[in-house]
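*Asks:* One file: run-v6.json (JSON, N, CA and C atoms).
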[["chain", "number", "residue", "atom", "x", "y", "z"],
["A", 1, "MET", "N", 72.45, 90.87, 88.51],
["A", 1, "MET", "CA", 73.04, 91.61, 89.62],
["A", 1, "MET", "C", 74.40, 92.20, 89.23],
["A", 2, "SER", "N", 75.15, 91.54, 88.39],
["A", 2, "SER", "CA", 76.48, 92.05, 88.06],
["A", 2, "SER", "C", 76.41, 93.25, 87.12],
["A", 3, "GLY", "N", 75.52, 93.23, 86.15],
["A", 3, "GLY", "CA", 75.27, 94.34, 85.24],
["A", 3, "GLY", "C", 76.35, 95.40, 85.17],
["A", 4, "ASN", "N", 76.05, 96.59, 85.64],
["A", 4, "ASN", "CA", 76.99, 97.71, 85.64],
["A", 4, "ASN", "C", 77.71, 97.87, 86.98],
["A", 5, "ASN", "N", 77.69, 96.87, 87.81],
["A", 5, "ASN", "CA", 78.28, 96.93, 89.14],
["A", 5, "ASN", "C", 79.79, 96.66, 89.04],
["A", 6, "ILE", "N", 80.60, 97.70, 89.20],
["A", 6, "ILE", "CA", 82.06, 97.52, 89.08],
["A", 6, "ILE", "C", 82.66, 96.75, 90.25],
["A", 7, "LEU", "N", 81.91, 96.56, 91.34],
["A", 7, "LEU", "CA", 82.42, 95.81, 92.48],
["A", 7, "LEU", "C", 82.12, 94.31, 92.38],
["A", 8, "TYR", "N", 81.16, 93.95, 91.57],
["A", 8, "TYR", "CA", 80.68, 92.57, 91.51],
["A", 8, "TYR", "C", 81.82, 91.59, 91.21],
["A", 9, "GLY", "N", 82.00, 90.62, 92.12],
["A", 9, "GLY", "CA", 82.98, 89.56, 91.94],
["A", 9, "GLY", "C", 84.43, 89.96, 92.15],
["A", 10, "LYS", "N", 84.67, 91.18, 92.57],
["A", 10, "LYS", "CA", 86.06, 91.65, 92.79],
["A", 10, "LYS", "C", 86.61, 91.11, 94.11],
["A", 11, "LYS", "N", 87.91, 91.22, 94.26],
["A", 11, "LYS", "CA", 88.58, 90.79, 95.49],
["A", 11, "LYS", "C", 89.07, 92.02, 96.24],
["A", 12, "TRP", "N", 88.78, 92.07, 97.55],
["A", 12, "TRP", "CA", 89.04, 93.25, 98.35],
["A", 12, "TRP", "C", 89.76, 92.87, 99.64],
["A", 13, "ALA", "N", 90.91, 93.46, 99.90],
["A", 13, "ALA", "CA", 91.63, 93.28, 101.16],
["A", 13, "ALA", "C", 91.19, 94.38, 102.12],
["A", 14, "VAL", "N", 90.48, 93.98, 103.17],
["A", 14, "VAL", "CA", 89.99, 94.91, 104.19],
["A", 14, "VAL", "C", 90.97, 94.87, 105.35],
["A", 15, "CYS", "N", 91.73, 95.94, 105.53],
["A", 15, "CYS", "CA", 92.77, 96.01, 106.56],
["A", 15, "CYS", "C", 92.39, 97.06, 107.58],
["A", 16, "GLY", "N", 92.50, 96.73, 108.86],
["A", 16, "GLY", "CA", 92.16, 97.74, 109.85],
["A", 16, "GLY", "C", 92.14, 97.23, 111.27],
["A", 17, "ASP", "N", 91.49, 98.03, 112.12],
["A", 17, "ASP", "CA", 91.39, 97.74, 113.55],
["A", 17, "ASP", "C", 89.97, 97.24, 113.86],
["A", 18, "SER", "N", 89.51, 97.46, 115.08],
["A", 18, "SER", "CA", 88.21, 96.92, 115.49],
["A", 18, "SER", "C", 87.04, 97.49, 114.72],
["A", 19, "PHE", "N", 87.17, 98.68, 114.15],
["A", 19, "PHE", "CA", 86.08, 99.22, 113.35],
["A", 19, "PHE", "C", 85.87, 98.38, 112.10],
["A", 20, "SER", "N", 86.92, 97.80, 111.59],
["A", 20, "SER", "CA", 86.81, 96.93, 110.42],
["A", 20, "SER", "C", 86.52, 95.49, 110.80],
["A", 21, "ASN", "N", 86.95, 95.09, 111.99],
["A", 21, "ASN", "CA", 86.79, 93.71, 112.44],
["A", 21, "ASN", "C", 85.45, 93.48, 113.15],
["A", 22, "GLY", "N", 85.05, 94.43, 113.97],
["A", 22, "GLY", "CA", 83.84, 94.25, 114.77],
["A", 22, "GLY", "C", 84.12, 93.39, 115.98],
["A", 23, "ASP", "N", 83.60, 93.79, 117.10],
["A", 23, "ASP", "CA", 83.69, 92.98, 118.31],
["A", 23, "ASP", "C", 82.38, 93.13, 119.05],
["A", 24, "PHE", "N", 81.52, 92.19, 118.83],
["A", 24, "PHE", "CA", 80.19, 92.23, 119.45],
["A", 24, "PHE", "C", 80.04, 91.08, 120.43],
["A", 25, "SER", "N", 81.15, 90.59, 120.98],
["A", 25, "SER", "CA", 81.13, 89.41, 121.83],
["A", 25, "SER", "C", 80.28, 89.59, 123.09],
["A", 26, "ASN", "N", 80.13, 90.80, 123.58],
["A", 26, "ASN", "CA", 79.31, 91.03, 124.77],
["A", 26, "ASN", "C", 77.92, 91.53, 124.43],
["A", 27, "ALA", "N", 77.57, 91.54, 123.15],
["A", 27, "ALA", "CA", 76.26, 92.02, 122.73],
["A", 27, "ALA", "C", 75.18, 91.03, 123.14],
["A", 28, "LEU", "N", 74.05, 91.55, 123.55],
["A", 28, "LEU", "CA", 72.94, 90.70, 123.94],
["A", 28, "LEU", "C", 72.07, 90.33, 122.75],
["A", 29, "ASP", "N", 72.26, 91.00, 121.66],
["A", 29, "ASP", "CA", 71.42, 90.83, 120.48],
["A", 29, "ASP", "C", 72.24, 90.17, 119.38],
["A", 30, "THR", "N", 71.63, 89.30, 118.62],
["A", 30, "THR", "CA", 72.33, 88.64, 117.50],
["A", 30, "THR", "C", 72.24, 89.46, 116.22],
["A", 31, "ASP", "N", 71.72, 90.67, 116.31],
["A", 31, "ASP", "CA", 71.58, 91.52, 115.14],
["A", 31, "ASP", "C", 72.93, 91.99, 114.60],
["A", 32, "TYR", "N", 74.01, 91.63, 115.25],
["A", 32, "TYR", "CA", 75.33, 92.04, 114.81],
["A", 32, "TYR", "C", 75.99, 91.01, 113.90],
["A", 33, "ILE", "N", 75.25, 89.96, 113.58],
["A", 33, "ILE", "CA", 75.77, 88.88, 112.75],
["A", 33, "ILE", "C", 74.99, 88.84, 111.44],
["A", 34, "ILE", "N", 75.69, 88.70, 110.33],
["A", 34, "ILE", "CA", 75.04, 88.58, 109.02],
["A", 34, "ILE", "C", 74.31, 87.25, 108.97],
["A", 35, "GLN", "N", 73.07, 87.27, 108.57],
["A", 35, "GLN", "CA", 72.23, 86.08, 108.59],
["A", 35, "GLN", "C", 72.17, 85.34, 107.26],
["A", 36, "GLU", "N", 72.43, 86.02, 106.15],
["A", 36, "GLU", "CA", 72.28, 85.39, 104.84],
["A", 36, "GLU", "C", 73.45, 85.75, 103.93],
["A", 37, "GLY", "N", 73.59, 85.00, 102.85],
["A", 37, "GLY", "CA", 74.59, 85.31, 101.85],
["A", 37, "GLY", "C", 75.91, 84.61, 102.10],
["A", 38, "ILE", "N", 76.90, 84.98, 101.30],
["A", 38, "ILE", "CA", 78.20, 84.29, 101.37],
["A", 38, "ILE", "C", 78.96, 84.58, 102.67],
["A", 39, "TYR", "N", 78.57, 85.65, 103.38],
["A", 39, "TYR", "CA", 79.24, 85.97, 104.64],
["A", 39, "TYR", "C", 78.32, 85.77, 105.84],
["A", 40, "ALA", "N", 77.35, 84.88, 105.70],
["A", 40, "ALA", "CA", 76.47, 84.53, 106.83],
["A", 40, "ALA", "C", 77.34, 84.02, 107.98],
["A", 41, "GLY", "N", 77.05, 84.52, 109.18],
["A", 41, "GLY", "CA", 77.81, 84.12, 110.36],
["A", 41, "GLY", "C", 78.95, 85.07, 110.69],
["A", 42, "LYS", "N", 79.26, 86.00, 109.80],
["A", 42, "LYS", "CA", 80.32, 86.98, 110.04],
["A", 42, "LYS", "C", 79.73, 88.23, 110.71],
["A", 43, "ASN", "N", 80.59, 89.00, 111.35],
["A", 43, "ASN", "CA", 80.16, 90.26, 111.97],
["A", 43, "ASN", "C", 79.64, 91.24, 110.93],
["A", 44, "LYS", "N", 78.63, 91.99, 111.30],
["A", 44, "LYS", "CA", 78.10, 93.03, 110.42],
["A", 44, "LYS", "C", 79.03, 94.23, 110.46],
["A", 45, "VAL", "N", 80.05, 94.19, 109.65],
["A", 45, "VAL", "CA", 80.99, 95.29, 109.49],
["A", 45, "VAL", "C", 81.04, 95.64, 108.01],
["A", 46, "TYR", "N", 81.51, 96.84, 107.71],
["A", 46, "TYR", "CA", 81.40, 97.34, 106.34],
["A", 46, "TYR", "C", 81.97, 96.41, 105.28],
["A", 47, "GLY", "N", 83.09, 95.77, 105.54],
["A", 47, "GLY", "CA", 83.70, 94.90, 104.54],
["A", 47, "GLY", "C", 82.80, 93.74, 104.15],
["A", 48, "TYR", "N", 82.31, 93.04, 105.15],
["A", 48, "TYR", "CA", 81.45, 91.89, 104.87],
["A", 48, "TYR", "C", 80.09, 92.31, 104.32],
["A", 49, "LEU", "N", 79.55, 93.43, 104.80],
["A", 49, "LEU", "CA", 78.26, 93.90, 104.29],
["A", 49, "LEU", "C", 78.36, 94.27, 102.81],
["A", 50, "ILE", "N", 79.39, 95.02, 102.46],
["A", 50, "ILE", "CA", 79.58, 95.41, 101.06],
["A", 50, "ILE", "C", 79.93, 94.19, 100.22],
["A", 51, "GLY", "N", 80.79, 93.32, 100.75],
["A", 51, "GLY", "CA", 81.16, 92.10, 100.04],
["A", 51, "GLY", "C", 79.97, 91.20, 99.78],
["A", 52, "ASN", "N", 79.10, 91.07, 100.77],
["A", 52, "ASN", "CA", 77.90, 90.24, 100.63],
["A", 52, "ASN", "C", 76.99, 90.80, 99.54],
["A", 53, "ARG", "N", 76.81, 92.08, 99.56],
["A", 53, "ARG", "CA", 75.91, 92.75, 98.61],
["A", 53, "ARG", "C", 76.43, 92.67, 97.17],
["A", 54, "ASN", "N", 77.75, 92.60, 97.01],
["A", 54, "ASN", "CA", 78.35, 92.65, 95.68],
["A", 54, "ASN", "C", 79.06, 91.37, 95.26],
["A", 55, "ASN", "N", 78.83, 90.29, 96.03],
["A", 55, "ASN", "CA", 79.44, 89.00, 95.72],
["A", 55, "ASN", "C", 80.96, 89.13, 95.57],
["A", 56, "MET", "N", 81.58, 89.83, 96.52],
["A", 56, "MET", "CA", 83.02, 90.06, 96.49],
["A", 56, "MET", "C", 83.74, 89.02, 97.34],
["A", 57, "ASN", "N", 84.98, 88.75, 97.00],
["A", 57, "ASN", "CA", 85.85, 87.89, 97.78],
["A", 57, "ASN", "C", 86.61, 88.79, 98.74],
["A", 58, "ILE", "N", 86.34, 88.65, 100.04],
["A", 58, "ILE", "CA", 86.96, 89.51, 101.05],
["A", 58, "ILE", "C", 88.17, 88.81, 101.66],
["A", 59, "GLN", "N", 89.30, 89.48, 101.64],
["A", 59, "GLN", "CA", 90.47, 89.04, 102.40],
["A", 59, "GLN", "C", 90.45, 89.90, 103.66],
["A", 60, "HIS", "N", 90.05, 89.30, 104.76],
["A", 60, "HIS", "CA", 89.83, 90.04, 106.00],
["A", 60, "HIS", "C", 91.13, 90.10, 106.81],
["A", 61, "LEU", "N", 91.74, 91.29, 106.87],
["A", 61, "LEU", "CA", 93.00, 91.49, 107.59],
["A", 61, "LEU", "C", 92.84, 92.53, 108.69],
["A", 62, "ALA", "N", 91.70, 92.49, 109.35],
["A", 62, "ALA", "CA", 91.43, 93.43, 110.44],
["A", 62, "ALA", "C", 91.42, 92.68, 111.76],
["A", 63, "GLU", "N", 91.85, 93.39, 112.80],
["A", 63, "GLU", "CA", 91.86, 92.81, 114.14],
["A", 63, "GLU", "C", 91.72, 93.93, 115.16],
["A", 64, "GLY", "N", 90.93, 93.68, 116.19],
["A", 64, "GLY", "CA", 90.76, 94.67, 117.24],
["A", 64, "GLY", "C", 92.09, 95.03, 117.88],
["A", 65, "GLY", "N", 92.31, 96.32, 118.08],
["A", 65, "GLY", "CA", 93.53, 96.80, 118.72],
["A", 65, "GLY", "C", 94.71, 96.99, 117.78],
["A", 66, "ARG", "N", 94.56, 96.62, 116.53],
["A", 66, "ARG", "CA", 95.68, 96.71, 115.59],
["A", 66, "ARG", "C", 96.02, 98.17, 115.31],
["A", 67, "THR", "N", 97.30, 98.45, 115.19],
["A", 67, "THR", "CA", 97.78, 99.78, 114.82],
["A", 67, "THR", "C", 98.39, 99.71, 113.42],
["A", 68, "MET", "N", 98.61, 100.87, 112.85],
["A", 68, "MET", "CA", 99.24, 100.93, 111.53],
["A", 68, "MET", "C", 100.74, 100.64, 111.66],
["A", 69, "ALA", "N", 101.36, 101.20, 112.70],
["A", 69, "ALA", "CA", 102.81, 101.05, 112.88],
["A", 69, "ALA", "C", 103.15, 100.82, 114.34],
["A", 70, "THR", "N", 104.32, 100.29, 114.58],
["A", 70, "THR", "CA", 104.81, 100.10, 115.94],
["A", 70, "THR", "C", 105.33, 101.43, 116.48],
["A", 71, "PRO", "N", 105.00, 101.78, 117.71],
["A", 71, "PRO", "CA", 105.51, 103.04, 118.26],
["A", 71, "PRO", "C", 107.03, 102.99, 118.43],
["A", 72, "PRO", "N", 107.67, 104.16, 118.43],
["A", 72, "PRO", "CA", 109.14, 104.21, 118.54],
["A", 72, "PRO", "C", 109.71, 103.48, 119.75],
["A", 73, "ASP", "N", 108.95, 103.43, 120.85],
["A", 73, "ASP", "CA", 109.47, 102.76, 122.04],
["A", 73, "ASP", "C", 109.28, 101.24, 121.97],
["A", 74, "GLY", "N", 108.66, 100.75, 120.90],
["A", 74, "GLY", "CA", 108.50, 99.30, 120.72],
["A", 74, "GLY", "C", 107.54, 98.66, 121.69],
["A", 75, "SER", "N", 106.66, 99.45, 122.30],
["A", 75, "SER", "CA", 105.79, 98.94, 123.36],
["A", 75, "SER", "C", 104.55, 98.21, 122.85],
["A", 76, "PHE", "N", 104.36, 98.16, 121.57],
["A", 76, "PHE", "CA", 103.15, 97.55, 121.04],
["A", 76, "PHE", "C", 103.50, 96.75, 119.80],
["A", 77, "PHE", "N", 102.98, 95.53, 119.67],
["A", 77, "PHE", "CA", 103.42, 94.65, 118.60],
["A", 77, "PHE", "C", 102.30, 94.17, 117.68],
["A", 78, "ASN", "N", 101.12, 94.73, 117.79],
["A", 78, "ASN", "CA", 100.01, 94.33, 116.95],
["A", 78, "ASN", "C", 99.89, 95.27, 115.76],
["A", 79, "ALA", "N", 100.98, 95.57, 115.12],
["A", 79, "ALA", "CA", 101.01, 96.57, 114.06],
["A", 79, "ALA", "C", 100.92, 95.94, 112.67],
["A", 80, "PHE", "N", 100.19, 96.60, 111.81],
["A", 80, "PHE", "CA", 100.04, 96.15, 110.43],
["A", 80, "PHE", "C", 101.39, 96.18, 109.70],
["A", 81, "SER", "N", 102.25, 97.11, 110.09],
["A", 81, "SER", "CA", 103.56, 97.23, 109.46],
["A", 81, "SER", "C", 104.51, 96.10, 109.83],
["A", 82, "ASN", "N", 104.16, 95.30, 110.85],
["A", 82, "ASN", "CA", 105.00, 94.16, 111.25],
["A", 82, "ASN", "C", 104.70, 92.95, 110.36],
["A", 83, "GLU", "N", 105.00, 93.08, 109.09],
["A", 83, "GLU", "CA", 104.89, 92.00, 108.11],
["A", 83, "GLU", "C", 103.44, 91.66, 107.71],
["A", 84, "MET", "N", 102.43, 92.17, 108.40],
["A", 84, "MET", "CA", 101.05, 91.85, 108.05],
["A", 84, "MET", "C", 100.71, 92.31, 106.63],
["A", 85, "TYR", "N", 101.22, 93.45, 106.25],
["A", 85, "TYR", "CA", 100.93, 93.97, 104.91],
["A", 85, "TYR", "C", 101.41, 93.03, 103.81],
["A", 86, "LYS", "N", 102.40, 92.22, 104.12],
["A", 86, "LYS", "CA", 102.93, 91.28, 103.13],
["A", 86, "LYS", "C", 101.98, 90.11, 102.86],
["A", 87, "THR", "N", 100.96, 89.96, 103.69],
["A", 87, "THR", "CA", 100.01, 88.87, 103.50],
["A", 87, "THR", "C", 98.86, 89.24, 102.56],
["A", 88, "ILE", "N", 98.84, 90.49, 102.10],
["A", 88, "ILE", "CA", 97.80, 90.88, 101.14],
["A", 88, "ILE", "C", 98.02, 90.09, 99.86],
["A", 89, "ASP", "N", 96.96, 89.42, 99.42],
["A", 89, "ASP", "CA", 97.06, 88.62, 98.20],
["A", 89, "ASP", "C", 97.45, 89.48, 97.01],
["A", 90, "LYS", "N", 98.23, 88.93, 96.14],
["A", 90, "LYS", "CA", 98.72, 89.67, 94.96],
["A", 90, "LYS", "C", 97.61, 90.00, 93.96],
["A", 91, "ASP", "N", 96.51, 89.26, 94.01],
["A", 91, "ASP", "CA", 95.47, 89.44, 93.01],
["A", 91, "ASP", "C", 94.27, 90.27, 93.49],
["A", 92, "VAL", "N", 94.44, 91.02, 94.59],
["A", 92, "VAL", "CA", 93.31, 91.84, 95.05],
["A", 92, "VAL", "C", 93.07, 93.00, 94.09],
["A", 93, "ASP", "N", 91.79, 93.37, 93.99],
["A", 93, "ASP", "CA", 91.41, 94.52, 93.16],
["A", 93, "ASP", "C", 91.39, 95.81, 93.96],
["A", 94, "TYR", "N", 91.07, 95.69, 95.26],
["A", 94, "TYR", "CA", 90.96, 96.87, 96.13],
["A", 94, "TYR", "C", 91.62, 96.57, 97.46],
["A", 95, "ILE", "N", 92.20, 97.61, 98.05],
["A", 95, "ILE", "CA", 92.76, 97.54, 99.40],
["A", 95, "ILE", "C", 92.27, 98.77, 100.14],
["A", 96, "THR", "N", 91.72, 98.55, 101.34],
["A", 96, "THR", "CA", 91.39, 99.69, 102.18],
["A", 96, "THR", "C", 92.13, 99.55, 103.50],
["A", 97, "LEU", "N", 92.57, 100.68, 104.03],
["A", 97, "LEU", "CA", 93.26, 100.75, 105.32],
["A", 97, "LEU", "C", 92.44, 101.64, 106.24],
["A", 98, "TYR", "N", 91.99, 101.09, 107.35],
["A", 98, "TYR", "CA", 91.19, 101.86, 108.29],
["A", 98, "TYR", "C", 91.81, 101.70, 109.68],
["A", 99, "PHE", "N", 92.79, 102.54, 109.98],
["A", 99, "PHE", "CA", 93.49, 102.52, 111.27],
["A", 99, "PHE", "C", 93.39, 103.92, 111.87],
["A", 100, "GLY", "N", 93.91, 104.08, 113.06],
["A", 100, "GLY", "CA", 94.03, 105.41, 113.62],
["A", 100, "GLY", "C", 93.72, 105.52, 115.09],
["A", 101, "ILE", "N", 92.61, 104.92, 115.52],
["A", 101, "ILE", "CA", 92.21, 105.06, 116.92],
["A", 101, "ILE", "C", 93.30, 104.54, 117.85],
["A", 102, "ASN", "N", 93.81, 103.37, 117.57],
["A", 102, "ASN", "CA", 94.83, 102.76, 118.44],
["A", 102, "ASN", "C", 96.19, 103.43, 118.30],
["A", 103, "ASP", "N", 96.44, 104.07, 117.15],
["A", 103, "ASP", "CA", 97.70, 104.76, 116.93],
["A", 103, "ASP", "C", 97.77, 106.08, 117.69],
["A", 104, "SER", "N", 96.63, 106.66, 118.00],
["A", 104, "SER", "CA", 96.58, 108.02, 118.55],
["A", 104, "SER", "C", 97.30, 108.16, 119.89],
["A", 105, "HIS", "N", 97.32, 107.12, 120.71],
["A", 105, "HIS", "CA", 97.98, 107.24, 122.02],
["A", 105, "HIS", "C", 99.48, 106.98, 121.95],
["A", 106, "HIS", "N", 100.01, 106.71, 120.79],
["A", 106, "HIS", "CA", 101.45, 106.52, 120.64],
["A", 106, "HIS", "C", 102.09, 107.82, 120.24]]
Kindly transcribe the structure held in the file into structure tokens.
*Replies:*
Amino acid sequence: MSGNNILYGKKWAVCGDSFSNGDFSNALDTDYIIQEGIYAGKNKVYGYLIGNRNNMNIQHLAEGGRTMATPPDGSFFNAFSNEMYKTIDKDVDYITLYFGINDSHH
């Protein structure tokens, strides 16, 4: 499986909002949960799906409602720029940032 797969066994910091985290708490179907592999029991979101397929170590830094930055009026505090970025492990191979929806109303 590792062969020519450049992702195999790599470490990936997945940073973002609900699109990266997934929130299926009100779903009637369990099809939103990974059933097998190293991320069995996790939400079916791109980070865990890709990580499962490629035996990657995922550092999951996504949370619903998270923004990239705090608005100028200071009205929102779930921002990645509020020290969260400092929690990215030093040994990650890849970092992705998927924000924007929650930032748009600021």
*Asks:* So that I can check the secondary structure, give me every residue of chain A assigned strand (DSSP E or B) by backbone DSSP, as a list of chain:residue names.
*Replies:*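 Here are the strand (DSSP E or B) residues of chain A: A:Lys11, A:Trp12, A:Ala13, A:Val14, A:Cys15, A:Gly16, A:Ile33, A:Asn43, A:Asn57, A:Ile58, A:Gln59, A:His60, A:Leu61, A:Ala62, A:Thr67, A:Ala79, A:Tyr94, A:Ile95, A:Thr96, A:Leu97, A:Tyr98.
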*Asks:* Quick one: residues within 8 Å of Tyr98 in chain A, all atoms listed in the file counted, chain neighbours fewer than 4 positions away excluded, as a PyMOL selection string?
*Replies:* chain A and resi 14-20+66-68
*Asks:* Tell me, in Å to one decimal, how far CA of Ile50 in chain A is from CA of Trp12 in chain A.
*Replies:*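 CA of Ile50 in chain A sits 10.1 Å away from CA of Trp12 in chain A.
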*Asks:* Between atom N of Ser81 in chain A and atom N of Gln59 in chain A, what distance in Å does the model show, to one decimal?
*Replies:*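 Interatomic distance, atom N of Ser81 in chain A to atom N of Gln59 in chain A: 17.2 Å.
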*Asks:* Considering only N, CA and C atoms, state which residue in the set A:Thr96, A:Asn82, A:Asn57, A:Ser25 is at the smallest distance from Lys11 in chain A.
*Replies:*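 When distances to Lys11 in chain A are compared using only N, CA and C atoms, the smallest one comes from A:Asn57.
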*Asks:* Looking at A:His60, A:Glu83, A:Tyr8, A:Ser75, which one is nearest to Gly47 in chain A, with distances taken over only N, CA and C atoms?
*Replies:*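 Checking each candidate against Gly47 in chain A, we get A:His60 as the closest.
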*Asks:* Using Å and a single decimal, report how far CA of Asn21 in chain A sits from CA of Asn54 in chain A.
*Replies:*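 Answer for the CA of Asn54 in chain A to CA of Asn21 in chain A separation: 18.8 Å.
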*Asks:* Would you please extract all helix (DSSP H, G or I) residues from chain A, as assigned by DSSP on the backbone, and give them as a PyMOL selection string?
*Replies:* chain A and resi 18-21+30-32+46-54+84-87
*Asks:* Could you turn the residues from that selection into a file that holds N, CA and C atoms, as a compact mmCIF listing (two decimals), keeping the file's coordinate frame?
*Replies:*
# COMPACT_ATOMS: atom_id res chain seq x y z
N SER A 18 89.51 97.46 115.08
CA SER A 18 88.21 96.92 115.49
C SER A 18 87.04 97.49 114.72
N PHE A 19 87.17 98.68 114.15
CA PHE A 19 86.08 99.22 113.35
C PHE A 19 85.87 98.38 112.10
N SER A 20 86.92 97.80 111.59
CA SER A 20 86.81 96.93 110.42
C SER A 20 86.52 95.49 110.80
N ASN A 21 86.95 95.09 111.99
CA ASN A 21 86.79 93.71 112.44
C ASN A 21 85.45 93.48 113.15
N THR A 30 71.63 89.30 118.62
CA THR A 30 72.33 88.64 117.50
C THR A 30 72.24 89.46 116.22
N ASP A 31 71.72 90.67 116.31
CA ASP A 31 71.58 91.52 115.14
C ASP A 31 72.93 91.99 114.60
N TYR A 32 74.01 91.63 115.25
CA TYR A 32 75.33 92.04 114.81
C TYR A 32 75.99 91.01 113.90
N TYR A 46 81.51 96.84 107.71
CA TYR A 46 81.40 97.34 106.34
C TYR A 46 81.97 96.41 105.28
N GLY A 47 83.09 95.77 105.54
CA GLY A 47 83.70 94.90 104.54
C GLY A 47 82.80 93.74 104.15
N TYR A 48 82.31 93.04 105.15
CA TYR A 48 81.45 91.89 104.87
C TYR A 48 80.09 92.31 104.32
N LEU A 49 79.55 93.43 104.80
CA LEU A 49 78.26 93.90 104.29
C LEU A 49 78.36 94.27 102.81
N ILE A 50 79.39 95.02 102.46
CA ILE A 50 79.58 95.41 101.06
C ILE A 50 79.93 94.19 100.22
N GLY A 51 80.79 93.32 100.75
CA GLY A 51 81.16 92.10 100.04
C GLY A 51 79.97 91.20 99.78
N ASN A 52 79.10 91.07 100.77
CA ASN A 52 77.90 90.24 100.63
C ASN A 52 76.99 90.80 99.54
N ARG A 53 76.81 92.08 99.56
CA ARG A 53 75.91 92.75 98.61
C ARG A 53 76.43 92.67 97.17
N ASN A 54 77.75 92.60 97.01
CA ASN A 54 78.35 92.65 95.68
C ASN A 54 79.06 91.37 95.26
N MET A 84 102.43 92.17 108.40
CA MET A 84 101.05 91.85 108.05
C MET A 84 100.71 92.31 106.63
N TYR A 85 101.22 93.45 106.25
CA TYR A 85 100.93 93.97 104.91
C TYR A 85 101.41 93.03 103.81
N LYS A 86 102.40 92.22 104.12
CA LYS A 86 102.93 91.28 103.13
C LYS A 86 101.98 90.11 102.86
N THR A 87 100.96 89.96 103.69
CA THR A 87 100.01 88.87 103.50
C THR A 87 98.86 89.24 102.56
*Asks:* Have a look at A:Asp73, A:Tyr48, A:Tyr85, A:Leu61 and name the one nearest to Ala13 in chain A; count all atoms listed in the file.
*Replies:*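 Of A:Asp73, A:Tyr48, A:Tyr85, A:Leu61, the one nearest Ala13 in chain A is A:Leu61, counting all atoms listed in the file.
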*Asks:* Name the closest residue to Glu36 in chain A among the candidates A:Phe24, A:Lys90, A:Leu49, A:Leu7; distances are taken between atoms, counting only C-alpha atoms.
*Replies:* A:Leu49
